[in-house]
Protein chains: 2
Amino acid sequence: MAEGSGNQPGKPGMTYRDAGVDIDAQDRALAMIKGHLAATRTPGVLSDLGSFGGLFRVPADVPDPVLVASTDGVGTKLMVAWKAGRHDTVGEDLVNHCVNDILVMGARPLFFLDYLATGRLEPAVAERLVAGVARGCRANGCALIGGETAEMPEMYGDGEYDLAGTIVGIVARGAILDGAAVRAGDLAYGLPSTGLHTNGYSLARRIVFGTLGLGPDDEIPGTGTGAADALLAVHKSYLPALDGALATGLVRALAHITGGGLTDNVPRVLPEGTALEVELGSWPVPPLFTALHRAGNVPDDDMLRTFNMGVGMVALVAPGDAKAFETELAGRGETAWPIGRVVPGDRRVVYRGTLR
Amino acid sequence: MAEGSGNQPGKPGMTYRDAGVDIDAQDRALAMIKGHLAATRTPGVLSDLGSFGGLFRVPADVPDPVLVASTDGVGTKLMVAWKAGRHDTVGEDLVNHCVNDILVMGARPLFFLDYLATGRLEPAVAERLVAGVARGCRANGCALIGGETAEMPEMYGDGEYDLAGTIVGIVARGAILDGAAVRAGDLAYGLPSTGLHTNGYSLARRIVFGTLGLGPDDEIPGTGTGAADALLAVHKSYLPALDGALATGLVRALAHITGGGLTDNVPRVLPEGTALEVELGSWPVPPLFTALHRAGNVPDDDMLRTFNMGVGMVALVAPGDAKAFETELAGRGETAWPIGRVVPGDRRVVYRGTLR
């Protein structure tokens with residue numbers, strides 16, 4: 001450094017580290033996560049970590065290629081991770097959520113970028129979080145090509161963080177799924193969720209930790225599972241279950257059941273003049289949802305508009321393709337329950353029967 | 001809704017709204033921002049808001065196309081926005097920061113997605129934030145094709161929010177800038193920043209609001225500018241200044257001067273065996289930086305590793321192209337100061353002279 005400083009001798013100088021930001025700790029965290037990122041590398045990746053931006057070659061094998069992008073966060077499922085001190089799975093939740101969001105448009109993942117915001121960066125926690133993101137990326141054939149780790153003293157408390165991410169995938173223009181192909185008479189299949197996925201946590205936490213007064217290790221009544229285990233179950237990626245059915249054109253539309261439940265998500269792929277009739281009782285609602293339902297005394301319509309109720313993805317299939325669709329999924333060891341049927345209507349979900 | 005409810009008569013039921021999440025408020029906010037998003041539409045956009053993912057057609061006019069992606073946040077500049085009650089410019093900061101991050105790889109923007117996390121969603125504030133993002137997108141020819149607005153009671157305080165975003169751009173493989181073309185003897189030009197851009201705010205806020213004890217409307221001594229005006233000045237996008245020079249191959253490398261300052265950012269594009277000699281005093285350091293330097297009694301090397309010191313972008317140019325580069329920028333009404341030269345060395349910035 002040159003002399004001629006702004007320092008006034010005798011007065012203590014103020015530095016960025018004094019202000020709570022430790023660039024060296026950030027560098028250490030970066031070094032620790034480099035290995036995780038490298039493990040997600042796919043042939044399209046051209047850049048190395050440390051570039052200003054991540055580079056990814058557009059695949060040459062997709063005719064009339066269309067990029068499909070989605071941003072999401074983990075939401076207050078993170079607060080369960082804080083409470084349980086488990087930071088290694090929420091990254092996977094994030095990636096799988098995003099993979100599903102572009103899968104429903106017919107796209108396969110290309111790359112991912114994460115955003116991690118913390119109060120004071122704990123390199124070991126950051127490493128666990130990014131390890132989860134990288135594991136999710138690797139399982140979905142998706143390269144982690146960048147991200148931002150922001151240390152923001154005053155904005156986040158000690159031990160608190162937010163985690164969000166963006167996925168970019170690709171689909172041939174002719175293979176885009178947008179619901180336009182859906183017709184009255186199509187069958188609706190529900191694919192099992194693994195738990196709450198990443199939605200409804202504000203309500204679920206209030207019931208589990210508030211109303212029921214449970215700790216992370218206490219069993220949620222009637223479930224045989226501890227609170228943290230149940231609430232941190234990893235959001236399922238439906239790419240392995242559905243990529244074959246998508247490639248062979250067996251699916252007319254997909255709806256990812258996220259915030260808003262079946263009630264709000266299925267209509268996003270219903271064309272004008274159609275509705276979905278869903279038969280309650282046609283699939284087994286997992287005990288976790290029943291426990292939340294009872295303990296929280298939650299109205300049925302709130303349950304169905306808040307939680308996935310055991311169905312994380314809905315596939316709409318032409319009647320003539322139903323058998324082939326079922327066989328295709330069974331061949332992969334995947335389950336698909338027939339839960340209803342497309343009928344004439346006004347872009348709503350119409351429930352028949354009772355929740356239990 | 002079907003009957004057979006989980007409701008237990010006589011006990012109050014719990015809903016998602018009770019848990020602090022108001023889906024209807026989210027829908028109202030979404031409706032308010034739809035117009036802003038529509039205004040950013042470019043020919044590549046295929047999707048409408050409400051899709052699970054945003055759709056963008058890969059441009060057909062880029063040979064061997066490579067996608068360039070970057071995620072960033074606004075950082076604690078947001079806390080100045082909260083303090084001043086001004087929410088309409090930080091979105092522009094975010095977009096311009098991201099545009100610059102991919103510009104330095106030679107890429108032009110295609111699309112953007114934002115992530116807005118709040119405690120309790122105030123639709124009017126969300127609208128101002130997204131309006132800023134949309135304005136930034138429009139100015140850079142970049143489509144806003146998606147985003148996530150997350151309402152997370154308990155994770156963020158009332159009136160607090162975080163804002164991050166992801167940009168995806170494109171560059172022909174042969175036109176990627178990665179520093180490999182840089183040679184000893186190249187000239188370094190500094191392009192003026194408009195203020196702190198989005199870096200160094202933890203330190204700057206501490207000096208301005210702590211050490212100096214200023215309110216948002218108080219003048220920062222020696223600057224003639226109020227604290228909020230000075231600290232919220234919008235991060236400049238260098239796309240309009242540099243796209244001509246990039247298209248005609250007048251630039252060998254670019255470095256976006258963000259966190260880490262000139263000291264840490266320029267080496268990212270210096271090849272092995274080179275260093276950058278920077279002549280302090282060769283450009284006018286804006287009064288804001290001098291005020292922070294003095295009031296915070298910040299060591300010189302911390303100033304240069306924390307703040308951009310008035311230089312928001314560095315362009316490295318072959319000596320034979322210097323005249324053409326200067327003429328190209330002058331023709332656009334843009335300034336570029338000659339601030340140094342590439343020399344043999346070990347990938348560092350070597351400062352000559354004094355800061356003032």
# chains A, B, ... in the order shown; residues from 1 in each chain; ligands from 1
call {"tool": "closest_atom_pairs", "arguments": {"of": "chain B", "to": "chain A", "cutoff": "7 Å", "atoms": "only C-alpha atoms", "output": "Markdown table"}}
result
| residue | atom | partner | partner_atom | distance |
| --- | --- | --- | --- | --- |
| B:Met1 | CA | A:Asp301 | CA | 6.0 |
| B:Ala2 | CA | A:Thr354 | CA | 5.8 |
| B:Glu3 | CA | A:Thr354 | CA | 6.1 |
| B:Gly4 | CA | A:Thr354 | CA | 5.3 |
| B:Ser5 | CA | A:Asp300 | CA | 5.2 |
| B:Gly6 | CA | A:His293 | CA | 5.7 |
| B:Asn7 | CA | A:Asn297 | CA | 4.9 |
| B:Gln8 | CA | A:Asn297 | CA | 6.1 |
| B:Gly13 | CA | A:Asn297 | CA | 4.6 |
| B:Met14 | CA | A:Val298 | CA | 4.9 |
| B:Thr15 | CA | A:Val298 | CA | 5.9 |
| B:Tyr16 | CA | A:Leu203 | CA | 5.5 |
| B:Ala19 | CA | A:Leu203 | CA | 5.2 |
| B:Phe52 | CA | A:Asp101 | CA | 5.3 |
| B:Gly53 | CA | A:Ser70 | CA | 4.9 |
| B:Gly54 | CA | A:Ala69 | CA | 5.1 |
| B:Leu55 | CA | A:Val68 | CA | 4.6 |
| B:Phe56 | CA | A:Leu67 | CA | 5.0 |
| B:Arg57 | CA | A:Val66 | CA | 4.2 |
| B:Val58 | CA | A:Val66 | CA | 5.6 |
| B:Pro65 | CA | A:Val58 | CA | 5.8 |
| B:Val66 | CA | A:Arg57 | CA | 4.2 |
| B:Leu67 | CA | A:Phe56 | CA | 5.0 |
| B:Val68 | CA | A:Leu55 | CA | 4.7 |
| B:Ala69 | CA | A:Gly54 | CA | 5.1 |
| B:Ser70 | CA | A:Gly53 | CA | 4.9 |
| B:Thr71 | CA | A:Gly147 | CA | 5.5 |
| B:Asp72 | CA | A:Glu148 | CA | 5.7 |
| B:Gly75 | CA | A:Met152 | CA | 6.7 |
| B:Thr76 | CA | A:Met152 | CA | 6.3 |
| B:Asp101 | CA | A:Phe52 | CA | 5.3 |
| B:Ile102 | CA | A:Gly53 | CA | 5.6 |
| B:Leu113 | CA | A:Thr71 | CA | 6.5 |
| B:Tyr115 | CA | A:Thr71 | CA | 6.9 |
| B:Gly146 | CA | A:Ser70 | CA | 6.6 |
| B:Gly147 | CA | A:Thr71 | CA | 5.5 |
| B:Glu148 | CA | A:Asp72 | CA | 5.6 |
| B:Ala150 | CA | A:Gly75 | CA | 7.0 |
| B:Met152 | CA | A:Thr76 | CA | 6.4 |
| B:Thr166 | CA | A:Thr166 | CA | 6.9 |
| B:Ser202 | CA | A:Ala19 | CA | 5.7 |
| B:Leu203 | CA | A:Ala19 | CA | 5.2 |
| B:Arg206 | CA | A:Ala19 | CA | 7.0 |
| B:His293 | CA | A:Gly6 | CA | 5.8 |
| B:Arg294 | CA | A:Gly6 | CA | 5.9 |
| B:Gly296 | CA | A:Met14 | CA | 5.6 |
| B:Asn297 | CA | A:Gly13 | CA | 4.6 |
| B:Val298 | CA | A:Gly13 | CA | 4.9 |
| B:Pro299 | CA | A:Asn7 | CA | 5.4 |
| B:Asp300 | CA | A:Ser5 | CA | 5.2 |
| B:Asp301 | CA | A:Met1 | CA | 6.0 |
| B:Asp302 | CA | A:Thr15 | CA | 6.1 |
| B:Thr306 | CA | A:Tyr16 | CA | 6.8 |
| B:Tyr351 | CA | A:Ala2 | CA | 6.1 |
| B:Arg352 | CA | A:Ala2 | CA | 6.4 |
| B:Gly353 | CA | A:Ala2 | CA | 6.4 |
| B:Thr354 | CA | A:Gly4 | CA | 5.2 |
| B:Leu355 | CA | A:Gly4 | CA | 6.7 |
call {"tool": "residues_around", "arguments": {"residues": "Arg252 in chain B", "least_positions_apart": "5", "cutoff": "6 Å", "atoms": "only C-alpha atoms", "output": "compact mmCIF listing (two decimals) with C-alpha atoms, in the first residue's frame"}}
result
# COMPACT_ATOMS: atom_id res chain seq x y z
CA ALA B 181 -6.01 -11.74 -23.95
CA VAL B 182 -4.45 -9.31 -21.47
CA LEU B 316 -7.99 -3.15 -20.11
CA VAL B 317 -7.18 -2.04 -23.66
call {"tool": "closest_residue", "arguments": {"among": "B:Leu246, B:Ala31, B:Leu288, B:Ile339", "to": "Ala126 in chain B", "atoms": "only C-alpha atoms"}}
result
B:Ala31
call {"tool": "select_by_dssp", "arguments": {"residues": "range 182-270 of chain B", "states": "alpha helix (DSSP H)", "output": "list of chain:residue names"}}
result
B:Tyr201, B:Ser202, B:Leu203, B:Ala204, B:Arg205, B:Ala227, B:Ala228, B:Asp229, B:Ala230, B:Leu231, B:Leu232, B:Leu239, B:Pro240, B:Ala241, B:Leu242, B:Asp243, B:Gly244, B:Ala245, B:Leu246, B:Ala247, B:Gly261, B:Leu262, B:Thr263, B:Asp264, B:Asn265
call {"tool": "atom_distance", "arguments": {"atom1": "CA of Pro287 in chain A", "atom2": "CA of Ser193 in chain A"}}
result
12.4 Å
call {"tool": "residues_around", "arguments": {"residues": "Glu334 in chain B", "least_positions_apart": "4", "cutoff": "8 Å", "atoms": "only C-alpha atoms", "output": "list in words"}}
result
Ala241, Leu329 and Ala330 of chain B
call {"tool": "select_by_dssp", "arguments": {"residues": "range 5-235 of chain A", "states": "strand (DSSP E)", "output": "ChimeraX atom specification"}}
result
/A:54-57,65-73,108-118,143-151,161-172,187-192,219-220,225-226
call {"tool": "residues_around", "arguments": {"residues": "Thr258 in chain B", "least_positions_apart": "5", "cutoff": "8 Å", "atoms": "only C-alpha atoms", "output": "PyMOL selection string"}}
result
chain B and resi 197-199+265+307-308+312
call {"tool": "write_last_selection", "arguments": {"atoms": "all heavy atoms", "output": "mmCIF file, in the first residue's frame"}}
result
data_model
loop_
_atom_site.group_PDB
_atom_site.id
_atom_site.type_symbol
_atom_site.label_atom_id
_atom_site.label_comp_id
_atom_site.auth_asym_id
_atom_site.auth_seq_id
_atom_site.Cartn_x
_atom_site.Cartn_y
_atom_site.Cartn_z
ATOM 1 N N HIS B 197 -22.133 2.375 -5.304
ATOM 2 C CA HIS B 197 -22.764 1.262 -6.017
ATOM 3 C C HIS B 197 -23.430 0.347 -4.983
ATOM 4 O O HIS B 197 -24.282 0.826 -4.248
ATOM 5 C CB HIS B 197 -21.766 0.567 -6.946
ATOM 6 C CG HIS B 197 -21.516 1.384 -8.204
ATOM 7 N ND1 HIS B 197 -20.684 1.008 -9.205
ATOM 8 C CD2 HIS B 197 -22.034 2.578 -8.600
ATOM 9 C CE1 HIS B 197 -20.690 1.936 -10.171
ATOM 10 N NE2 HIS B 197 -21.503 2.896 -9.812
ATOM 11 N N THR B 198 -23.094 -0.941 -4.905
ATOM 12 C CA THR B 198 -23.770 -1.718 -3.854
ATOM 13 C C THR B 198 -22.780 -2.362 -2.889
ATOM 14 O O THR B 198 -23.087 -3.390 -2.295
ATOM 15 C CB THR B 198 -24.698 -2.799 -4.436
ATOM 16 O OG1 THR B 198 -24.000 -3.498 -5.447
ATOM 17 C CG2 THR B 198 -25.947 -2.207 -5.016
ATOM 18 N N ASN B 199 -21.630 -1.742 -2.688
ATOM 19 C CA ASN B 199 -20.632 -2.370 -1.812
ATOM 20 C C ASN B 199 -20.083 -1.441 -0.749
ATOM 21 O O ASN B 199 -19.946 -0.247 -0.980
ATOM 22 C CB ASN B 199 -19.479 -2.913 -2.667
ATOM 23 C CG ASN B 199 -19.951 -4.053 -3.542
ATOM 24 O OD1 ASN B 199 -20.185 -3.864 -4.726
ATOM 25 N ND2 ASN B 199 -20.161 -5.197 -2.936
ATOM 26 N N ASN B 265 -10.694 -7.055 -7.257
ATOM 27 C CA ASN B 265 -11.463 -7.383 -8.460
ATOM 28 C C ASN B 265 -10.637 -7.402 -9.740
ATOM 29 O O ASN B 265 -10.857 -8.253 -10.596
ATOM 30 C CB ASN B 265 -12.654 -6.433 -8.610
ATOM 31 C CG ASN B 265 -13.770 -6.804 -7.651
ATOM 32 O OD1 ASN B 265 -14.393 -7.847 -7.811
ATOM 33 N ND2 ASN B 265 -13.969 -5.998 -6.624
ATOM 34 N N PHE B 307 -14.195 0.023 -0.983
ATOM 35 C CA PHE B 307 -14.996 0.916 -1.829
ATOM 36 C C PHE B 307 -14.413 0.993 -3.242
ATOM 37 O O PHE B 307 -13.226 0.719 -3.447
ATOM 38 C CB PHE B 307 -15.023 2.318 -1.214
ATOM 39 C CG PHE B 307 -15.626 2.363 0.160
ATOM 40 C CD1 PHE B 307 -14.843 2.641 1.272
ATOM 41 C CD2 PHE B 307 -16.984 2.120 0.348
ATOM 42 C CE1 PHE B 307 -15.397 2.689 2.547
ATOM 43 C CE2 PHE B 307 -17.551 2.162 1.627
ATOM 44 C CZ PHE B 307 -16.755 2.444 2.721
ATOM 45 N N ASN B 308 -15.256 1.406 -4.190
ATOM 46 C CA ASN B 308 -14.754 1.528 -5.568
ATOM 47 C C ASN B 308 -13.959 2.819 -5.781
ATOM 48 O O ASN B 308 -13.307 2.973 -6.821
ATOM 49 C CB ASN B 308 -15.902 1.388 -6.581
ATOM 50 C CG ASN B 308 -16.917 2.524 -6.482
ATOM 51 O OD1 ASN B 308 -16.566 3.690 -6.667
ATOM 52 N ND2 ASN B 308 -18.181 2.192 -6.212
ATOM 53 N N GLY B 312 -16.028 2.434 -11.101
ATOM 54 C CA GLY B 312 -16.947 1.310 -11.007
ATOM 55 C C GLY B 312 -16.639 0.185 -11.965
ATOM 56 O O GLY B 312 -17.137 -0.930 -11.810
#
call {"tool": "residues_around", "arguments": {"residues": "Gly185 in chain A", "least_positions_apart": "3", "cutoff": "7 Å", "atoms": "only C-alpha atoms", "output": "list of chain:residue names"}}
result
A:Pro319, A:Arg341, A:Val342, A:Val343
call {"tool": "closest_atom_pairs", "arguments": {"of": "range 23-111 of chain B", "to": "range 134-140 of chain B", "cutoff": "6 Å", "atoms": "only C-alpha atoms", "output": "Markdown table"}}
result
| residue | atom | partner | partner_atom | distance |
| --- | --- | --- | --- | --- |
| B:His36 | CA | B:Ala134 | CA | 5.8 |
| B:Thr40 | CA | B:Arg138 | CA | 5.1 |
| B:Glu92 | CA | B:Gly136 | CA | 4.4 |
| B:Val95 | CA | B:Gly136 | CA | 5.6 |
call {"tool": "write_last_selection", "arguments": {"atoms": "C-alpha atoms", "output": "PDB file, in the first residue's frame"}}
result
ATOM      1  CA  HIS B  36     -44.235  -3.550 -14.541  1.00  0.00           C
ATOM      2  CA  THR B  40     -39.955  -5.395 -19.749  1.00  0.00           C
ATOM      3  CA  GLU B  92     -32.345  -0.824 -10.251  1.00  0.00           C
ATOM      4  CA  VAL B  95     -30.248  -5.259 -11.995  1.00  0.00           C
TER       5      VAL B  95
END
call {"tool": "residues_around", "arguments": {"residues": "Val125 in chain A", "least_positions_apart": "4", "cutoff": "8 Å", "atoms": "only C-alpha atoms", "output": "NGL selection string"}}
result
:A and (87 or 121 or 129)
call {"tool": "atom_distance", "arguments": {"atom1": "CA of Asn96 in chain B", "atom2": "CA of Pro109 in chain B"}}
result
10.4 Å
call {"tool": "closest_residue", "arguments": {"among": "A:Val80, A:Val311, A:Ala322, A:Leu239", "to": "Gly195 in chain A", "atoms": "only C-alpha atoms"}}
result
A:Val311
